[in-house]
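Data block for data-v5.pdb (PDB, C-alpha atoms):
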```
ATOM      1  CA  MET T 955    -161.190  33.527  30.258  1.00  0.00           C
ATOM      2  CA  SER T 956    -162.237  36.793  31.885  1.00  0.00           C
ATOM      3  CA  SER T 957    -164.355  39.022  29.649  1.00  0.00           C
ATOM      4  CA  ASP T 958    -162.860  42.028  31.462  1.00  0.00           C
ATOM      5  CA  PRO T 959    -159.079  41.390  31.608  1.00  0.00           C
ATOM      6  CA  LYS T 960    -158.322  44.856  33.051  1.00  0.00           C
ATOM      7  CA  ASN T 961    -161.073  44.620  35.717  1.00  0.00           C
ATOM      8  CA  LYS T 962    -162.474  47.964  34.625  1.00  0.00           C
ATOM      9  CA  ALA T 963    -166.011  46.831  35.516  1.00  0.00           C
ATOM     10  CA  THR T 964    -164.854  46.183  39.086  1.00  0.00           C
ATOM     11  CA  GLU T 965    -163.346  49.663  39.269  1.00  0.00           C
ATOM     12  CA  ARG T 966    -166.573  51.193  37.945  1.00  0.00           C
ATOM     13  CA  GLN T 967    -168.543  49.250  40.544  1.00  0.00           C
ATOM     14  CA  TRP T 968    -166.358  50.642  43.331  1.00  0.00           C
ATOM     15  CA  GLU T 969    -166.868  54.160  41.961  1.00  0.00           C
ATOM     16  CA  LYS T 970    -170.624  53.601  42.005  1.00  0.00           C
ATOM     17  CA  LEU T 971    -170.511  52.310  45.581  1.00  0.00           C
ATOM     18  CA  TYR T 972    -168.652  55.427  46.720  1.00  0.00           C
ATOM     19  CA  GLN T 973    -171.151  57.612  44.874  1.00  0.00           C
ATOM     20  CA  GLN T 974    -173.963  55.794  46.673  1.00  0.00           C
ATOM     21  CA  GLY T 975    -172.309  56.399  50.037  1.00  0.00           C
ATOM     22  CA  VAL T 976    -170.806  52.989  50.790  1.00  0.00           C
ATOM     23  CA  ASP T 977    -170.390  52.398  54.507  1.00  0.00           C
ATOM     24  CA  ALA T 978    -166.589  52.442  54.447  1.00  0.00           C
ATOM     25  CA  PRO T 979    -164.604  51.916  57.690  1.00  0.00           C
ATOM     26  CA  ARG T 980    -163.639  55.081  59.519  1.00  0.00           C
ATOM     27  CA  TYR T 981    -161.171  53.633  62.026  1.00  0.00           C
ATOM     28  CA  PRO T 982    -157.650  52.350  61.234  1.00  0.00           C
ATOM     29  CA  ASN T 983    -156.903  48.643  61.106  1.00  0.00           C
ATOM     30  CA  GLY T 984    -154.892  47.291  64.033  1.00  0.00           C
ATOM     31  CA  ASN T 985    -152.359  45.538  61.798  1.00  0.00           C
ATOM     32  CA  VAL T 986    -151.631  48.831  60.077  1.00  0.00           C
ATOM     33  CA  LEU T 987    -151.083  50.526  63.430  1.00  0.00           C
ATOM     34  CA  ARG T 988    -148.660  47.832  64.603  1.00  0.00           C
ATOM     35  CA  TRP T 989    -146.675  48.029  61.359  1.00  0.00           C
ATOM     36  CA  LEU T 990    -146.579  51.824  61.449  1.00  0.00           C
ATOM     37  CA  PHE T 991    -145.402  52.339  65.015  1.00  0.00           C
ATOM     38  CA  GLY T 992    -143.177  49.257  64.939  1.00  0.00           C
ATOM     39  CA  ASN T 993    -141.150  50.505  61.977  1.00  0.00           C
ATOM     40  CA  PHE T 994    -141.481  54.284  61.984  1.00  0.00           C
ATOM     41  CA  PRO T 995    -141.021  55.636  65.540  1.00  0.00           C
ATOM     42  CA  LYS T 996    -143.572  58.281  66.359  1.00  0.00           C
ATOM     43  CA  LYS T 997    -140.914  60.508  67.941  1.00  0.00           C
ATOM     44  CA  ASP T 998    -139.366  60.838  64.467  1.00  0.00           C
ATOM     45  CA  ALA T 999    -142.665  60.958  62.585  1.00  0.00           C
ATOM     46  CA  ASP T1000    -141.925  64.193  60.737  1.00  0.00           C
ATOM     47  CA  GLN T1001    -138.846  62.601  59.153  1.00  0.00           C
ATOM     48  CA  PHE T1002    -140.872  59.938  57.319  1.00  0.00           C
ATOM     49  CA  HIS T1003    -142.840  60.282  54.093  1.00  0.00           C
ATOM     50  CA  LEU T1004    -145.534  57.612  53.784  1.00  0.00           C
ATOM     51  CA  LEU T1005    -147.879  56.666  50.949  1.00  0.00           C
ATOM     52  CA  ASP T1006    -151.328  55.107  51.290  1.00  0.00           C
ATOM     53  CA  ILE T1007    -152.195  53.361  48.010  1.00  0.00           C
ATOM     54  CA  GLY T1008    -155.901  52.718  47.574  1.00  0.00           C
ATOM     55  CA  CYS T1009    -156.642  55.027  50.471  1.00  0.00           C
ATOM     56  CA  GLY T1010    -160.410  54.972  50.012  1.00  0.00           C
ATOM     57  CA  MET T1011    -161.989  57.702  52.106  1.00  0.00           C
ATOM     58  CA  GLY T1012    -158.680  58.264  53.907  1.00  0.00           C
ATOM     59  CA  ARG T1013    -158.910  56.458  57.224  1.00  0.00           C
ATOM     60  CA  HIS T1014    -155.257  55.339  57.363  1.00  0.00           C
ATOM     61  CA  ALA T1015    -153.793  58.425  55.690  1.00  0.00           C
ATOM     62  CA  ILE T1016    -155.657  60.719  58.085  1.00  0.00           C
ATOM     63  CA  MET T1017    -154.586  58.657  61.095  1.00  0.00           C
ATOM     64  CA  MET T1018    -150.920  58.757  60.029  1.00  0.00           C
ATOM     65  CA  LYS T1019    -151.039  62.499  59.397  1.00  0.00           C
ATOM     66  CA  HIS T1020    -152.704  63.042  62.764  1.00  0.00           C
ATOM     67  CA  GLU T1021    -149.779  61.186  64.361  1.00  0.00           C
ATOM     68  CA  GLY T1022    -147.308  63.581  62.748  1.00  0.00           C
ATOM     69  CA  TYR T1023    -146.145  61.686  59.647  1.00  0.00           C
ATOM     70  CA  ASN T1024    -145.829  63.218  56.190  1.00  0.00           C
ATOM     71  CA  VAL T1025    -148.511  61.420  54.188  1.00  0.00           C
ATOM     72  CA  THR T1026    -149.734  61.180  50.615  1.00  0.00           C
ATOM     73  CA  GLY T1027    -152.817  59.233  49.538  1.00  0.00           C
ATOM     74  CA  THR T1028    -153.876  57.835  46.163  1.00  0.00           C
ATOM     75  CA  GLU T1029    -157.106  56.119  45.165  1.00  0.00           C
ATOM     76  CA  TYR T1030    -158.682  54.933  41.905  1.00  0.00           C
ATOM     77  CA  SER T1031    -162.135  56.348  42.725  1.00  0.00           C
ATOM     78  CA  GLN T1032    -162.360  60.102  42.215  1.00  0.00           C
ATOM     79  CA  THR T1033    -165.452  60.145  44.422  1.00  0.00           C
ATOM     80  CA  ALA T1034    -163.485  58.540  47.261  1.00  0.00           C
ATOM     81  CA  VAL T1035    -160.660  61.046  46.721  1.00  0.00           C
ATOM     82  CA  ASN T1036    -163.146  63.909  47.053  1.00  0.00           C
ATOM     83  CA  GLN T1037    -164.590  62.369  50.223  1.00  0.00           C
ATOM     84  CA  ALA T1038    -161.093  61.939  51.697  1.00  0.00           C
ATOM     85  CA  LYS T1039    -160.293  65.574  50.940  1.00  0.00           C
ATOM     86  CA  ASP T1040    -163.556  66.704  52.548  1.00  0.00           C
ATOM     87  CA  TRP T1041    -162.874  64.663  55.688  1.00  0.00           C
ATOM     88  CA  ALA T1042    -159.305  65.988  55.971  1.00  0.00           C
ATOM     89  CA  ASN T1043    -160.550  69.562  55.495  1.00  0.00           C
ATOM     90  CA  GLN T1044    -163.117  69.091  58.255  1.00  0.00           C
ATOM     91  CA  LEU T1045    -160.288  68.000  60.556  1.00  0.00           C
ATOM     92  CA  GLU T1046    -158.084  70.851  59.286  1.00  0.00           C
ATOM     93  CA  ILE T1047    -155.475  68.332  58.136  1.00  0.00           C
ATOM     94  CA  ASP T1048    -153.490  68.923  54.953  1.00  0.00           C
ATOM     95  CA  ILE T1049    -152.958  65.717  52.944  1.00  0.00           C
ATOM     96  CA  PRO T1050    -152.326  65.575  49.183  1.00  0.00           C
ATOM     97  CA  PHE T1051    -154.902  63.088  47.888  1.00  0.00           C
ATOM     98  CA  SER T1052    -155.008  62.257  44.186  1.00  0.00           C
ATOM     99  CA  GLN T1053    -156.667  59.864  41.739  1.00  0.00           C
ATOM    100  CA  SER T1054    -154.542  57.037  40.312  1.00  0.00           C
ATOM    101  CA  SER T1055    -154.562  53.256  40.011  1.00  0.00           C
ATOM    102  CA  ALA T1056    -152.329  51.113  42.201  1.00  0.00           C
ATOM    103  CA  ASP T1057    -150.371  49.915  39.174  1.00  0.00           C
ATOM    104  CA  GLU T1058    -149.797  53.417  37.784  1.00  0.00           C
ATOM    105  CA  GLN T1059    -148.584  55.798  40.466  1.00  0.00           C
ATOM    106  CA  PRO T1060    -147.580  59.372  39.536  1.00  0.00           C
ATOM    107  CA  PHE T1061    -144.452  59.742  41.698  1.00  0.00           C
ATOM    108  CA  PRO T1062    -140.706  59.623  40.983  1.00  0.00           C
ATOM    109  CA  ASP T1063    -138.581  56.631  41.948  1.00  0.00           C
ATOM    110  CA  ALA T1064    -137.505  56.275  45.593  1.00  0.00           C
ATOM    111  CA  THR T1065    -139.948  58.862  46.961  1.00  0.00           C
ATOM    112  CA  PHE T1066    -141.317  57.158  50.086  1.00  0.00           C
ATOM    113  CA  ASP T1067    -139.969  55.670  53.304  1.00  0.00           C
ATOM    114  CA  GLY T1068    -143.032  53.503  53.751  1.00  0.00           C
ATOM    115  CA  ILE T1069    -146.100  52.391  51.798  1.00  0.00           C
ATOM    116  CA  VAL T1070    -149.332  50.868  53.061  1.00  0.00           C
ATOM    117  CA  CYS T1071    -151.839  49.208  50.749  1.00  0.00           C
ATOM    118  CA  PHE T1072    -154.862  47.796  52.532  1.00  0.00           C
ATOM    119  CA  SER T1073    -157.155  45.302  50.779  1.00  0.00           C
ATOM    120  CA  VAL T1074    -156.657  46.766  47.307  1.00  0.00           C
ATOM    121  CA  LEU T1075    -154.477  44.603  45.070  1.00  0.00           C
ATOM    122  CA  SER T1076    -156.780  41.578  44.976  1.00  0.00           C
ATOM    123  CA  TYR T1077    -159.279  43.698  43.005  1.00  0.00           C
ATOM    124  CA  LEU T1078    -156.750  43.884  40.162  1.00  0.00           C
ATOM    125  CA  PRO T1079    -156.288  41.185  37.504  1.00  0.00           C
ATOM    126  CA  TYR T1080    -153.105  39.116  37.648  1.00  0.00           C
ATOM    127  CA  ASP T1081    -150.911  41.265  35.383  1.00  0.00           C
ATOM    128  CA  ARG T1082    -151.939  44.557  36.984  1.00  0.00           C
ATOM    129  CA  TYR T1083    -151.531  43.037  40.463  1.00  0.00           C
ATOM    130  CA  LEU T1084    -147.940  42.122  39.570  1.00  0.00           C
ATOM    131  CA  GLN T1085    -147.320  45.576  38.112  1.00  0.00           C
ATOM    132  CA  ALA T1086    -148.626  47.189  41.305  1.00  0.00           C
ATOM    133  CA  THR T1087    -146.031  45.304  43.364  1.00  0.00           C
ATOM    134  CA  ARG T1088    -143.350  46.586  41.000  1.00  0.00           C
ATOM    135  CA  GLU T1089    -144.683  50.122  41.417  1.00  0.00           C
ATOM    136  CA  ILE T1090    -144.472  49.801  45.192  1.00  0.00           C
ATOM    137  CA  HIS T1091    -140.876  48.621  44.911  1.00  0.00           C
ATOM    138  CA  ARG T1092    -140.048  51.487  42.538  1.00  0.00           C
ATOM    139  CA  LEU T1093    -141.515  54.118  44.836  1.00  0.00           C
ATOM    140  CA  LEU T1094    -139.741  53.011  48.002  1.00  0.00           C
ATOM    141  CA  LYS T1095    -136.423  54.491  49.013  1.00  0.00           C
ATOM    142  CA  PRO T1096    -133.577  51.991  49.529  1.00  0.00           C
ATOM    143  CA  GLY T1097    -134.380  50.227  52.787  1.00  0.00           C
ATOM    144  CA  GLY T1098    -137.976  51.468  52.650  1.00  0.00           C
ATOM    145  CA  GLN T1099    -140.759  49.203  53.877  1.00  0.00           C
ATOM    146  CA  CYS T1100    -144.263  48.341  52.792  1.00  0.00           C
ATOM    147  CA  PHE T1101    -147.214  46.643  54.433  1.00  0.00           C
ATOM    148  CA  ILE T1102    -149.833  45.097  52.184  1.00  0.00           C
ATOM    149  CA  ILE T1103    -152.996  43.179  53.021  1.00  0.00           C
ATOM    150  CA  VAL T1104    -154.642  41.094  50.304  1.00  0.00           C
ATOM    151  CA  ARG T1105    -157.264  38.378  50.280  1.00  0.00           C
ATOM    152  CA  ASN T1106    -155.860  34.937  49.566  1.00  0.00           C
ATOM    153  CA  ASP T1107    -156.865  31.692  47.906  1.00  0.00           C
ATOM    154  CA  GLN T1108    -158.519  30.343  51.066  1.00  0.00           C
ATOM    155  CA  ASP T1109    -161.002  33.204  51.308  1.00  0.00           C
ATOM    156  CA  VAL T1110    -164.744  32.576  51.013  1.00  0.00           C
ATOM    157  CA  ARG T1111    -164.824  34.691  47.861  1.00  0.00           C
ATOM    158  CA  LYS T1112    -163.205  31.795  46.041  1.00  0.00           C
ATOM    159  CA  THR T1113    -166.131  29.608  47.131  1.00  0.00           C
ATOM    160  CA  VAL T1114    -168.809  32.130  46.159  1.00  0.00           C
ATOM    161  CA  GLY T1115    -167.011  33.095  42.962  1.00  0.00           C
ATOM    162  CA  LYS T1116    -166.758  31.726  39.450  1.00  0.00           C
ATOM    163  CA  LEU T1117    -163.283  31.126  38.015  1.00  0.00           C
ATOM    164  CA  THR T1118    -162.769  33.504  35.071  1.00  0.00           C
ATOM    165  CA  ALA T1119    -158.974  33.321  34.684  1.00  0.00           C
ATOM    166  CA  PRO T1120    -156.123  31.697  36.624  1.00  0.00           C
ATOM    167  CA  HIS T1121    -156.538  32.742  40.291  1.00  0.00           C
ATOM    168  CA  GLN T1122    -159.320  35.181  39.323  1.00  0.00           C
ATOM    169  CA  TYR T1123    -162.913  34.804  40.532  1.00  0.00           C
ATOM    170  CA  LYS T1124    -166.090  36.709  39.739  1.00  0.00           C
ATOM    171  CA  ILE T1125    -168.196  37.025  42.890  1.00  0.00           C
ATOM    172  CA  THR T1126    -171.692  35.603  42.453  1.00  0.00           C
ATOM    173  CA  ALA T1127    -174.759  35.359  44.684  1.00  0.00           C
ATOM    174  CA  GLN T1128    -174.817  31.701  45.729  1.00  0.00           C
ATOM    175  CA  ASP T1129    -177.216  31.151  48.613  1.00  0.00           C
ATOM    176  CA  GLN T1130    -180.641  32.750  48.456  1.00  0.00           C
ATOM    177  CA  ASP T1131    -180.723  32.898  52.249  1.00  0.00           C
ATOM    178  CA  GLN T1132    -177.498  34.877  52.575  1.00  0.00           C
ATOM    179  CA  ASP T1133    -177.880  37.999  54.645  1.00  0.00           C
ATOM    180  CA  ASN T1134    -177.067  41.297  52.951  1.00  0.00           C
ATOM    181  CA  ASP T1135    -174.620  42.033  55.752  1.00  0.00           C
ATOM    182  CA  TYR T1136    -172.132  39.406  54.589  1.00  0.00           C
ATOM    183  CA  PRO T1137    -168.861  41.106  53.576  1.00  0.00           C
ATOM    184  CA  TRP T1138    -169.077  40.091  49.917  1.00  0.00           C
ATOM    185  CA  HIS T1139    -172.661  41.273  49.366  1.00  0.00           C
ATOM    186  CA  LYS T1140    -171.570  44.581  47.785  1.00  0.00           C
ATOM    187  CA  GLU T1141    -168.910  42.738  45.760  1.00  0.00           C
ATOM    188  CA  VAL T1142    -171.289  40.601  43.703  1.00  0.00           C
ATOM    189  CA  GLY T1143    -170.243  41.047  40.079  1.00  0.00           C
ATOM    190  CA  MET T1144    -166.683  42.087  40.949  1.00  0.00           C
ATOM    191  CA  GLU T1145    -163.657  40.027  39.967  1.00  0.00           C
ATOM    192  CA  GLN T1146    -160.892  39.339  42.469  1.00  0.00           C
ATOM    193  CA  THR T1147    -157.458  37.755  42.176  1.00  0.00           C
ATOM    194  CA  LEU T1148    -156.911  35.352  45.087  1.00  0.00           C
ATOM    195  CA  LEU T1149    -153.303  34.202  45.173  1.00  0.00           C
ATOM    196  CA  PRO T1150    -151.634  31.317  47.018  1.00  0.00           C
ATOM    197  CA  LYS T1151    -148.476  31.968  49.010  1.00  0.00           C
ATOM    198  CA  ASP T1152    -146.074  30.819  46.301  1.00  0.00           C
ATOM    199  CA  GLU T1153    -147.501  33.390  43.876  1.00  0.00           C
ATOM    200  CA  ILE T1154    -147.115  36.123  46.486  1.00  0.00           C
ATOM    201  CA  GLN T1155    -143.498  35.104  46.959  1.00  0.00           C
ATOM    202  CA  LYS T1156    -142.974  35.351  43.203  1.00  0.00           C
ATOM    203  CA  PHE T1157    -144.636  38.746  42.983  1.00  0.00           C
ATOM    204  CA  PHE T1158    -142.461  40.161  45.765  1.00  0.00           C
ATOM    205  CA  SER T1159    -139.218  38.487  44.739  1.00  0.00           C
ATOM    206  CA  VAL T1160    -137.679  41.877  43.840  1.00  0.00           C
ATOM    207  CA  PHE T1161    -137.665  42.900  47.509  1.00  0.00           C
ATOM    208  CA  SER T1162    -134.619  42.244  49.685  1.00  0.00           C
ATOM    209  CA  ASP T1163    -136.651  41.019  52.640  1.00  0.00           C
ATOM    210  CA  LEU T1164    -140.116  39.438  52.717  1.00  0.00           C
ATOM    211  CA  ARG T1165    -142.341  38.066  55.452  1.00  0.00           C
ATOM    212  CA  ILE T1166    -145.818  36.681  54.827  1.00  0.00           C
ATOM    213  CA  GLU T1167    -148.335  36.054  57.601  1.00  0.00           C
ATOM    214  CA  GLU T1168    -151.998  35.089  57.446  1.00  0.00           C
ATOM    215  CA  VAL T1169    -155.062  36.379  59.261  1.00  0.00           C
ATOM    216  CA  THR T1170    -158.425  34.604  59.172  1.00  0.00           C
ATOM    217  CA  SER T1171    -161.915  34.998  60.601  1.00  0.00           C
ATOM    218  CA  THR T1172    -165.129  32.993  60.289  1.00  0.00           C
ATOM    219  CA  LEU T1173    -168.830  33.763  59.956  1.00  0.00           C
ATOM    220  CA  GLU T1174    -172.067  31.905  60.722  1.00  0.00           C
ATOM    221  CA  ASN T1175    -170.678  29.275  63.058  1.00  0.00           C
ATOM    222  CA  ARG T1176    -167.560  28.840  60.893  1.00  0.00           C
ATOM    223  CA  LYS T1177    -169.538  28.250  57.699  1.00  0.00           C
ATOM    224  CA  TYR T1178    -167.668  31.022  55.884  1.00  0.00           C
ATOM    225  CA  ARG T1179    -163.970  31.870  56.188  1.00  0.00           C
ATOM    226  CA  GLU T1180    -162.285  35.136  55.323  1.00  0.00           C
ATOM    227  CA  ALA T1181    -158.529  34.864  54.802  1.00  0.00           C
ATOM    228  CA  SER T1182    -155.870  37.423  53.944  1.00  0.00           C
ATOM    229  CA  TRP T1183    -152.097  37.587  53.550  1.00  0.00           C
ATOM    230  CA  LEU T1184    -150.238  40.149  55.618  1.00  0.00           C
ATOM    231  CA  ILE T1185    -147.200  41.045  53.530  1.00  0.00           C
ATOM    232  CA  TYR T1186    -144.220  42.800  55.093  1.00  0.00           C
ATOM    233  CA  ALA T1187    -141.486  43.695  52.596  1.00  0.00           C
ATOM    234  CA  ARG T1188    -138.344  45.813  52.518  1.00  0.00           C
ATOM    235  CA  LYS T1189    -136.619  47.211  49.450  1.00  0.00           C
TER
END
```
Render the structure in this file as structure tokens.
Amino acid sequence: MSSDPKNKATERQWEKLYQQGVDAPRYPNGNVLRWLFGNFPKKDADQFHLLDIGCGMGRHAIMMKHEGYNVTGTEYSQTAVNQAKDWANQLEIDIPFSQSSADEQPFPDATFDGIVCFSVLSYLPYDRYLQATREIHRLLKPGGQCFIIVRNDQDVRKTVGKLTAPHQYKITAQDQDQDNDYPWHKEVGMEQTLLPKDEIQKFFSVFSDLRIEEVTSTLENRKYREASWLIYARK
């Protein structure tokens, strides 16, 4: 059984990483771009209100605002929120960024046309992960769409982690010869929830339409495998 059922230690570790100047990505993910322009035509960008949950330092929110969309960003880490605000101010872009957890968003029902949540929910324990999907459903307008990327149960973090609760793994340092550049190096000590497809289907059963794809990559001559679900859902 996990000694930290709310994953608060993981959240504190992320806050510390942001305070230390974690080397967070600055460019948008290609899957996010394809979802955005494929579902929300750029010519009508100003008609759409989009939410970036777990926005980090703001790379996707800033990109969407730059393309003309109305954008709001939320993030658990107050340090990351401050960094996102600073970056937007430098670019003279006005985006309302605020601090909140993915499973407790501060907006009224049916506020957004679209929601993106990139590599966030797997850092939540099972119950909070489920609640976050319900929050996303609550916040979408009827017919609204979301795009969510989460690590899955085939990811290397399951191999380098210790099972602490059903589907939940605490990342540990396994091989002494592992290079510090491996993606999970900064995640040692964090707990992640790595769900199989049937659990994802259950979590998103409240949506009217659901499509689940998978993206994988390998490291060190295919010794390590990163794997994520790409979740496309409509309210």
Find the residues of stretch 1015-1056 of chain T that sit at most 8 Å from stretch 986-1001 of chain T; for each, write down the nearest two atoms and how far apart they are in Å, to one decimal. Count only C-alpha atoms. Sort by chain, then by number going up, and give it as a tab-separated table.
```
residue	atom	partner	partner_atom	distance
T:Glu1021	CA	T:Lys996	CA	7.1
T:Gly1022	CA	T:Ala999	CA	5.3
T:Tyr1023	CA	T:Ala999	CA	4.6
T:Asn1024	CA	T:Asp1000	CA	6.1
```
Residue IDs satisfying the PyMOL selection byres ((chain T and resi 1072) around 10), as a ChimeraX atom specification
/T:983,985-986,1006-1010,1014,1069-1071,1073-1076,1101-1105,1184
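Residues matched by the PyMOL selection byres ((chain T and resi 1163-1180) around 8) in this file: Arg1105, Gln1108, Asp1109, Val1110, Arg1111, Lys1151, Gln1155, Phe1158, Phe1161, Ser1162, Ala1181, Ser1182, Trp1183, Leu1184, Ile1185, Tyr1186, Ala1187, Arg1188 and Lys1189 of chain T.
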Starting from the displayed file, determine the output of the PyMOL selection byres ((chain T and resi 1145) around 8) and express the residue list as a PyMOL selection string.
chain T and resi 961+964+1077-1079+1122-1125+1143-1144+1146-1147
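Separating atom CA of T:Thr1033 from atom CA of T:Leu1045 is a distance of 18.7 Å.
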Quick one: distance from atom CA of T:Val1114 to atom CA of T:Lys1140 in Å, one decimal?
12.9 Å
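Excluding stretch 1040-1042 of chain T itself and same-chain residues fewer than 3 positions from it, the residues having an atom within 10 Å of it are Met1011, Gly1012, Arg1013, Ala1015, Ile1016, Lys1019, His1020, Ala1034, Val1035, Asn1036, Gln1037, Leu1045, Glu1046, Ile1047, Asp1048, Ile1049, Pro1050 and Phe1051 of chain T, counting all atoms listed in the file.
Nearest to T:Arg966 of all the residues T:Asp1063, T:Glu1141, T:Asp1057, T:Leu1084 is T:Glu1141, counting all atoms listed in the file.
Reported to one decimal place, the separation of atom CA of T:Glu1089 from atom CA of T:Ile1154 is 15.1 Å.
If all atoms listed in the file are the atoms counted, then among T:Leu1148, T:Leu1094, T:Ala1086, T:Ala978 the closest residue to T:Lys1112 is T:Leu1148.
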From the options T:Leu1004, T:Ser1159, T:Val1025, T:Ala1038, which residue's atoms come nearest to T:Tyr972, counting only C-alpha atoms?
T:Ala1038
Residues within 12 Å of T:Gln1059, please, as a VMD selection string. Count only C-alpha atoms; anything in the same chain fewer than 4 positions from it doesn't count.
chain T and resid 1005 to 1008 1026 to 1030 1052 to 1055 1063 1065 1085 to 1094
